[in-house]
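Q: Below you'll find work04.pdb; it's PDB, C-alpha atoms, pLDDT in the B column.
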ATOM      1  CA  MET A   1      26.886  -1.078 -11.135  1.00 42.00           C
ATOM      2  CA  ALA A   2      23.764  -2.495 -12.803  1.00 45.00           C
ATOM      3  CA  PRO A   3      22.551  -1.210 -16.187  1.00 48.00           C
ATOM      4  CA  ARG A   4      19.746   1.337 -16.089  1.00 48.00           C
ATOM      5  CA  GLY A   5      16.864  -0.969 -17.081  1.00 46.00           C
ATOM      6  CA  SER A   6      17.996  -3.970 -15.050  1.00 45.00           C
ATOM      7  CA  GLN A   7      15.753  -6.053 -12.813  1.00 46.00           C
ATOM      8  CA  SER A   8      17.297  -4.641  -9.607  1.00 49.00           C
ATOM      9  CA  SER A   9      15.926  -1.143 -10.263  1.00 47.00           C
ATOM     10  CA  ILE A  10      12.453  -2.293 -11.312  1.00 59.00           C
ATOM     11  CA  ASN A  11       9.699  -1.929  -8.712  1.00 71.00           C
ATOM     12  CA  LYS A  12      11.839  -1.200  -5.664  1.00 85.00           C
ATOM     13  CA  ILE A  13       9.453  -1.724  -2.746  1.00 88.00           C
ATOM     14  CA  VAL A  14       9.754   0.998  -0.113  1.00 88.00           C
ATOM     15  CA  ALA A  15       6.941   0.087   2.296  1.00 87.00           C
ATOM     16  CA  GLU A  16       4.571  -2.842   2.519  1.00 89.00           C
ATOM     17  CA  ASN A  17       1.387  -3.415   4.501  1.00 88.00           C
ATOM     18  CA  ARG A  18       1.781  -7.104   5.340  1.00 87.00           C
ATOM     19  CA  LYS A  19      -1.214  -7.299   7.684  1.00 86.00           C
ATOM     20  CA  ALA A  20      -3.638  -6.116   4.994  1.00 84.00           C
ATOM     21  CA  ARG A  21      -3.918  -9.541   3.357  1.00 85.00           C
ATOM     22  CA  PHE A  22      -4.632 -11.105   6.757  1.00 82.00           C
ATOM     23  CA  ASN A  23      -7.213  -8.538   7.908  1.00 84.00           C
ATOM     24  CA  TYR A  24      -8.949  -8.010   4.552  1.00 87.00           C
ATOM     25  CA  GLU A  25     -10.179 -10.075   1.645  1.00 87.00           C
ATOM     26  CA  ILE A  26      -8.663  -8.390  -1.424  1.00 88.00           C
ATOM     27  CA  VAL A  27     -11.210  -7.983  -4.218  1.00 90.00           C
ATOM     28  CA  ASP A  28      -9.275  -5.840  -6.710  1.00 90.00           C
ATOM     29  CA  THR A  29      -5.999  -3.905  -6.874  1.00 91.00           C
ATOM     30  CA  TYR A  30      -5.150  -0.586  -8.499  1.00 92.00           C
ATOM     31  CA  GLU A  31      -1.904   1.265  -9.142  1.00 93.00           C
ATOM     32  CA  ALA A  32      -2.059   4.924  -8.141  1.00 92.00           C
ATOM     33  CA  GLY A  33       0.438   7.723  -8.372  1.00 92.00           C
ATOM     34  CA  LEU A  34       1.240   9.865  -5.323  1.00 90.00           C
ATOM     35  CA  VAL A  35       1.394  13.655  -5.167  1.00 89.00           C
ATOM     36  CA  LEU A  36       4.566  14.234  -3.133  1.00 87.00           C
ATOM     37  CA  THR A  37       6.895  17.104  -2.310  1.00 83.00           C
ATOM     38  CA  GLY A  38      10.643  16.892  -2.935  1.00 84.00           C
ATOM     39  CA  THR A  39      11.586  16.041   0.641  1.00 83.00           C
ATOM     40  CA  GLU A  40       8.967  13.281   0.732  1.00 83.00           C
ATOM     41  CA  VAL A  41      10.503  11.653  -2.338  1.00 86.00           C
ATOM     42  CA  LYS A  42      13.961  11.836  -0.790  1.00 85.00           C
ATOM     43  CA  SER A  43      12.647  10.291   2.414  1.00 84.00           C
ATOM     44  CA  LEU A  44      11.000   7.503   0.372  1.00 86.00           C
ATOM     45  CA  ARG A  45      14.237   6.833  -1.497  1.00 87.00           C
ATOM     46  CA  GLU A  46      15.898   6.208   1.879  1.00 85.00           C
ATOM     47  CA  GLY A  47      13.279   3.498   2.436  1.00 84.00           C
ATOM     48  CA  LYS A  48      11.749   5.017   5.536  1.00 82.00           C
ATOM     49  CA  ALA A  49       7.979   4.853   5.146  1.00 86.00           C
ATOM     50  CA  ASN A  50       5.136   3.257   7.055  1.00 87.00           C
ATOM     51  CA  ILE A  51       1.695   2.525   5.586  1.00 89.00           C
ATOM     52  CA  ALA A  52       0.606  -0.098   8.134  1.00 88.00           C
ATOM     53  CA  GLU A  53      -2.099   2.041   9.768  1.00 88.00           C
ATOM     54  CA  SER A  54      -3.072   4.040   6.688  1.00 89.00           C
ATOM     55  CA  TYR A  55      -6.160   3.912   4.513  1.00 88.00           C
ATOM     56  CA  ALA A  56      -7.571   5.733   1.502  1.00 89.00           C
ATOM     57  CA  SER A  57     -10.725   7.828   1.503  1.00 88.00           C
ATOM     58  CA  ASP A  58     -12.973   9.498  -1.049  1.00 87.00           C
ATOM     59  CA  GLU A  59     -13.343  13.220  -0.355  1.00 88.00           C
ATOM     60  CA  GLY A  60     -14.642  15.764  -2.816  1.00 86.00           C
ATOM     61  CA  GLY A  61     -14.411  13.478  -5.832  1.00 86.00           C
ATOM     62  CA  GLU A  62     -10.752  12.662  -5.168  1.00 90.00           C
ATOM     63  CA  ILE A  63      -9.027   9.764  -3.426  1.00 91.00           C
ATOM     64  CA  TRP A  64      -6.694  10.681  -0.526  1.00 92.00           C
ATOM     65  CA  LEU A  65      -4.154   8.584   1.375  1.00 90.00           C
ATOM     66  CA  ILE A  66      -4.646   9.225   5.081  1.00 92.00           C
ATOM     67  CA  ASN A  67      -2.413   8.458   8.078  1.00 91.00           C
ATOM     68  CA  SER A  68       0.635   7.271   6.137  1.00 89.00           C
ATOM     69  CA  HIS A  69       3.944   8.144   7.765  1.00 86.00           C
ATOM     70  CA  LEU A  70       6.891   9.480   5.757  1.00 85.00           C
ATOM     71  CA  PRO A  71       9.511  10.702   8.229  1.00 84.00           C
ATOM     72  CA  GLU A  72      11.153  14.067   7.729  1.00 81.00           C
ATOM     73  CA  TYR A  73      14.218  14.227   5.502  1.00 80.00           C
ATOM     74  CA  LEU A  74      17.109  15.127   7.821  1.00 78.00           C
ATOM     75  CA  GLN A  75      19.059  17.354   5.408  1.00 78.00           C
ATOM     76  CA  ALA A  76      16.033  19.525   4.513  1.00 74.00           C
ATOM     77  CA  ASN A  77      15.914  21.606   7.750  1.00 75.00           C
ATOM     78  CA  ARG A  78      13.176  24.295   7.415  1.00 78.00           C
ATOM     79  CA  PHE A  79      11.836  23.130   4.015  1.00 77.00           C
ATOM     80  CA  ASN A  80      10.683  19.806   5.422  1.00 79.00           C
ATOM     81  CA  HIS A  81       7.242  18.244   5.093  1.00 76.00           C
ATOM     82  CA  GLU A  82       4.717  17.174   7.721  1.00 77.00           C
ATOM     83  CA  PRO A  83       5.198  13.398   8.295  1.00 77.00           C
ATOM     84  CA  ARG A  84       1.507  12.405   8.559  1.00 82.00           C
ATOM     85  CA  ARG A  85      -0.106  14.773   6.075  1.00 85.00           C
ATOM     86  CA  ARG A  86      -2.839  13.633   3.685  1.00 89.00           C
ATOM     87  CA  ARG A  87      -1.554  12.796   0.212  1.00 88.00           C
ATOM     88  CA  LYS A  88      -3.586  12.918  -2.965  1.00 90.00           C
ATOM     89  CA  LEU A  89      -3.686   9.775  -5.111  1.00 92.00           C
ATOM     90  CA  LEU A  90      -3.595  10.004  -8.897  1.00 92.00           C
ATOM     91  CA  LEU A  91      -6.152   7.738 -10.545  1.00 91.00           C
ATOM     92  CA  THR A  92      -8.195   7.965 -13.732  1.00 92.00           C
ATOM     93  CA  GLU A  93     -11.749   9.292 -13.542  1.00 92.00           C
ATOM     94  CA  ARG A  94     -13.139   5.854 -14.386  1.00 93.00           C
ATOM     95  CA  GLU A  95     -11.165   4.215 -11.567  1.00 91.00           C
ATOM     96  CA  ILE A  96     -12.257   6.894  -9.087  1.00 91.00           C
ATOM     97  CA  ASN A  97     -15.919   6.400 -10.004  1.00 91.00           C
ATOM     98  CA  ARG A  98     -15.597   2.621  -9.715  1.00 90.00           C
ATOM     99  CA  LEU A  99     -13.933   2.908  -6.288  1.00 89.00           C
ATOM    100  CA  ARG A 100     -16.484   5.455  -5.017  1.00 89.00           C
ATOM    101  CA  SER A 101     -19.409   3.240  -5.995  1.00 88.00           C
ATOM    102  CA  ALA A 102     -17.819   0.181  -4.355  1.00 88.00           C
ATOM    103  CA  ILE A 103     -17.145   2.109  -1.144  1.00 87.00           C
ATOM    104  CA  ASN A 104     -20.616   3.679  -0.908  1.00 86.00           C
ATOM    105  CA  ARG A 105     -22.747   0.809  -2.219  1.00 85.00           C
ATOM    106  CA  ASP A 106     -20.922  -2.333  -1.115  1.00 82.00           C
ATOM    107  CA  GLY A 107     -19.282  -1.035   2.083  1.00 79.00           C
ATOM    108  CA  MET A 108     -15.755  -1.905   0.965  1.00 85.00           C
ATOM    109  CA  THR A 109     -12.511  -0.287   2.118  1.00 87.00           C
ATOM    110  CA  LEU A 110      -9.491   1.107   0.289  1.00 90.00           C
ATOM    111  CA  VAL A 111      -6.327  -0.349   1.790  1.00 92.00           C
ATOM    112  CA  PRO A 112      -2.790   0.516   0.631  1.00 93.00           C
ATOM    113  CA  LEU A 113      -0.710  -2.633   0.060  1.00 92.00           C
ATOM    114  CA  LYS A 114       2.708  -1.261  -0.868  1.00 91.00           C
ATOM    115  CA  VAL A 115       4.619   1.835  -1.943  1.00 91.00           C
ATOM    116  CA  TYR A 116       7.297   1.356  -4.595  1.00 92.00           C
ATOM    117  CA  PHE A 117       9.219   3.064  -7.368  1.00 90.00           C
ATOM    118  CA  ASN A 118       8.391   1.938 -10.913  1.00 89.00           C
ATOM    119  CA  GLN A 119      10.803   1.636 -13.854  1.00 90.00           C
ATOM    120  CA  LYS A 120      10.692   5.380 -14.531  1.00 90.00           C
ATOM    121  CA  GLY A 121      11.536   6.181 -10.903  1.00 86.00           C
ATOM    122  CA  ARG A 122       8.049   7.419 -10.017  1.00 90.00           C
ATOM    123  CA  ALA A 123       6.570   6.663  -6.599  1.00 89.00           C
ATOM    124  CA  LYS A 124       3.498   4.441  -6.932  1.00 91.00           C
ATOM    125  CA  LEU A 125       1.014   3.012  -4.448  1.00 92.00           C
ATOM    126  CA  GLU A 126      -0.667  -0.351  -4.858  1.00 92.00           C
ATOM    127  CA  LEU A 127      -4.195   0.204  -3.589  1.00 91.00           C
ATOM    128  CA  ALA A 128      -6.611  -2.629  -2.838  1.00 91.00           C
ATOM    129  CA  LEU A 129     -10.375  -2.624  -2.822  1.00 89.00           C
ATOM    130  CA  ALA A 130     -11.033  -4.901   0.134  1.00 87.00           C
ATOM    131  CA  LYS A 131     -13.721  -6.377   2.317  1.00 86.00           C
ATOM    132  CA  GLY A 132     -13.030  -6.837   6.032  1.00 82.00           C
ATOM    133  CA  LYS A 133     -12.633 -10.416   7.242  1.00 77.00           C
ATOM    134  CA  LYS A 134     -14.591 -11.776  10.161  1.00 78.00           C
ATOM    135  CA  LEU A 135     -12.803 -13.531  13.030  1.00 79.00           C
ATOM    136  CA  HIS A 136     -13.614 -17.027  11.745  1.00 78.00           C
ATOM    137  CA  ASP A 137     -12.210 -16.118   8.304  1.00 76.00           C
ATOM    138  CA  LYS A 138      -8.956 -14.980   9.941  1.00 79.00           C
ATOM    139  CA  ARG A 139      -8.756 -18.258  11.853  1.00 87.00           C
ATOM    140  CA  GLU A 140      -9.290 -20.180   8.630  1.00 84.00           C
ATOM    141  CA  SER A 141      -6.482 -18.210   6.933  1.00 83.00           C
ATOM    142  CA  GLU A 142      -4.184 -18.963   9.856  1.00 85.00           C
ATOM    143  CA  LYS A 143      -4.993 -22.688   9.736  1.00 89.00           C
ATOM    144  CA  GLU A 144      -4.348 -22.783   6.007  1.00 88.00           C
ATOM    145  CA  ARG A 145      -1.028 -20.942   6.382  1.00 88.00           C
ATOM    146  CA  ASP A 146       0.092 -23.308   9.179  1.00 90.00           C
ATOM    147  CA  TRP A 147      -0.912 -26.353   7.138  1.00 91.00           C
ATOM    148  CA  ASN A 148       1.050 -25.119   4.100  1.00 90.00           C
ATOM    149  CA  ARG A 149       4.107 -24.555   6.308  1.00 90.00           C
ATOM    150  CA  GLN A 150       3.825 -28.007   7.821  1.00 90.00           C
ATOM    151  CA  LYS A 151       3.277 -29.588   4.391  1.00 88.00           C
ATOM    152  CA  SER A 152       6.415 -27.937   2.991  1.00 90.00           C
ATOM    153  CA  ARG A 153       8.430 -29.171   6.001  1.00 88.00           C
ATOM    154  CA  LEU A 154       7.202 -32.722   5.451  1.00 88.00           C
ATOM    155  CA  LEU A 155       8.073 -32.604   1.762  1.00 88.00           C
ATOM    156  CA  LYS A 156      11.585 -31.277   2.531  1.00 86.00           C
ATOM    157  CA  THR A 157      12.372 -34.094   4.984  1.00 83.00           C
ATOM    158  CA  GLY A 158      11.048 -36.716   2.589  1.00 70.00           C
TER     159      GLY A 158
END
Please rewrite the model in this file as C-alpha cells.

A:
Amino acid sequence: MAPRGSQSSINKIVAENRKARFNYEIVDTYEAGLVLTGTEVKSLREGKANIAESYASDEGGEIWLINSHLPEYLQANRFNHEPRRRRKLLLTEREINRLRSAINRDGMTLVPLKVYFNQKGRAKLELALAKGKKLHDKRESEKERDWNRQKSRLLKTG
C-alpha cells in the first residue's frame, strides 16, 4: 500500500475529454471545484464519468456544468442522484467575471477537459476557455500529429 501523499494518489483522473483539444483551440485553463452529492462522489470514485458532450454555461452570475454524465451509484437505491443533472462549479468571483466577459464579448466557449481528484481527495474539474476551430485548422492539426508520429517512427528505426 502506498503512503498517503505518494504520487499514485495525486491527481487521479476520472474522466477526460480527449476530443476537446482537437475541436477547440485552448486559450486558458482554470481549476474549478464541483458541487456534488454523496452518491455522485462515490460514482466518481468508481471512475465512471463522461464529460465528452458536456459544456459549461454562465447563468445568473454562476458557472454551471451542463450535460455531464455521472451514472447512478448502484448501492444507493432510493437516495440516488439524477445522472445528467446540472452541477454548479466553484470559482472565485474574479475568475467568473473574466470568463463571463470572454464568453459574451469574444464569443468563446467553456469546455471541460478532465475531472480528477486532487491531493486532498476533492473532485476538481479542469475547465478551458476555448475558441472553436475551423475545418482547415482541424486538418492542419491532423497533419501535424501524423507528421510527428511518422518522425518518431523514423527516429526509432534509425

Q: Skipping near chain neighbours, those fewer than 5 positions away, what residues fall within 12 Å of Asp137 in chain A using all atoms listed in the file, listed as number ranges by chain?

A: A: 21-25, 131-132, 142-144

Q: Could you name the residues that touch range 94-107 of chain A at 8 Å or less, counting only C-alpha atoms, but leaving out those on the same chain fewer than 3 positions away, as a list in words?

A: Asp58, Gly61, Glu62, Ile63, Leu91, Leu110, Leu129 and Lys131 of chain A

Q: What residues come out when you apply the PyMOL selection byres ((chain A and resi 48) around 8) to this file, written as a VMD selection string?

A: chain A and resid 14 to 15 43 to 47 49 to 50 70 to 71

Q: List every protein, DNA or RNA residue that has an atom no more than 12 Å from (12.5, 13.5, 5.1) in the file's coordinate frame, counting all atoms listed in the file, and report them as a PDB file with C-alpha atoms, in the frame of the given file.

A:
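Result written to result08.pdb:
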ATOM      1  CA  LEU A  36       4.566  14.234  -3.133  1.00 87.00           C
ATOM      2  CA  THR A  37       6.895  17.104  -2.310  1.00 83.00           C
ATOM      3  CA  GLY A  38      10.643  16.892  -2.935  1.00 84.00           C
ATOM      4  CA  THR A  39      11.586  16.041   0.641  1.00 83.00           C
ATOM      5  CA  GLU A  40       8.967  13.281   0.732  1.00 83.00           C
ATOM      6  CA  VAL A  41      10.503  11.653  -2.338  1.00 86.00           C
ATOM      7  CA  LYS A  42      13.961  11.836  -0.790  1.00 85.00           C
ATOM      8  CA  SER A  43      12.647  10.291   2.414  1.00 84.00           C
ATOM      9  CA  LEU A  44      11.000   7.503   0.372  1.00 86.00           C
ATOM     10  CA  ARG A  45      14.237   6.833  -1.497  1.00 87.00           C
ATOM     11  CA  GLU A  46      15.898   6.208   1.879  1.00 85.00           C
ATOM     12  CA  GLY A  47      13.279   3.498   2.436  1.00 84.00           C
ATOM     13  CA  LYS A  48      11.749   5.017   5.536  1.00 82.00           C
ATOM     14  CA  ALA A  49       7.979   4.853   5.146  1.00 86.00           C
ATOM     15  CA  HIS A  69       3.944   8.144   7.765  1.00 86.00           C
ATOM     16  CA  LEU A  70       6.891   9.480   5.757  1.00 85.00           C
ATOM     17  CA  PRO A  71       9.511  10.702   8.229  1.00 84.00           C
ATOM     18  CA  GLU A  72      11.153  14.067   7.729  1.00 81.00           C
ATOM     19  CA  TYR A  73      14.218  14.227   5.502  1.00 80.00           C
ATOM     20  CA  LEU A  74      17.109  15.127   7.821  1.00 78.00           C
ATOM     21  CA  GLN A  75      19.059  17.354   5.408  1.00 78.00           C
ATOM     22  CA  ALA A  76      16.033  19.525   4.513  1.00 74.00           C
ATOM     23  CA  ASN A  77      15.914  21.606   7.750  1.00 75.00           C
ATOM     24  CA  ARG A  78      13.176  24.295   7.415  1.00 78.00           C
ATOM     25  CA  PHE A  79      11.836  23.130   4.015  1.00 77.00           C
ATOM     26  CA  ASN A  80      10.683  19.806   5.422  1.00 79.00           C
ATOM     27  CA  HIS A  81       7.242  18.244   5.093  1.00 76.00           C
ATOM     28  CA  GLU A  82       4.717  17.174   7.721  1.00 77.00           C
ATOM     29  CA  PRO A  83       5.198  13.398   8.295  1.00 77.00           C
ATOM     30  CA  ARG A  84       1.507  12.405   8.559  1.00 82.00           C
TER      31      ARG A  84
END

Q: I'd like the interatomic distance between CA of Ser57 in chain A and CA of Arg87 in chain A, to a tenth of an Å.

A: 10.5 Å

Q: Using all atoms listed in the file for the distances, tell me which of A:Ser141, A:Asn148, A:Thr109, A:Ser68 is nearest to Leu34 in chain A.

A: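 Among the listed residues, A:Ser68 lies closest to Leu34 in chain A.
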
Q: Give me, please, the distance in Å between CA of Ala130 in chain A and CA of Asn67 in chain A, quoted to one decimal.

A: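 About the pair CA of Ala130 in chain A and CA of Asn67 in chain A: they are 17.8 Å apart.
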
Q: Have a look at CA of Glu93 in chain A and CA of Arg18 in chain A and let me know their distance in Å, one decimal.

A: 28.4 Å

Q: Quick one: apply the PyMOL selection byres ((chain A and resi 111) around 6) to the file and drop the selected residues here as a list in words.

A: Tyr55, Leu110, Pro112, Leu127 and Ala128 of chain A

Q: Kindly indicate which residue among A:Lys19, A:Ala32, A:Ile26, A:Lys133 lies nearest to Thr92 in chain A, using all atoms listed in the file for the distances.

A: A:Ala32

Q: On this structure, the PyMOL selection byres ((chain A and resi 125) around 9) would catch which residues? List them as a VMD selection string, sorted by chain and number.

A: chain A and resid 30 to 34 89 112 to 117 123 to 124 126 to 127

Q: Return the padded bounding box of range 106-112 of chain A as AutoDock Vina command-line options: axis-aligned, built from all atoms listed in the file, 4 Å added on each side, with centre and edge lengths in Å to one decimal.

A:
--center_x -11.9 --center_y -0.6 --center_z 0.5 --size_x 26.1 --size_y 11.4 --size_z 11.2
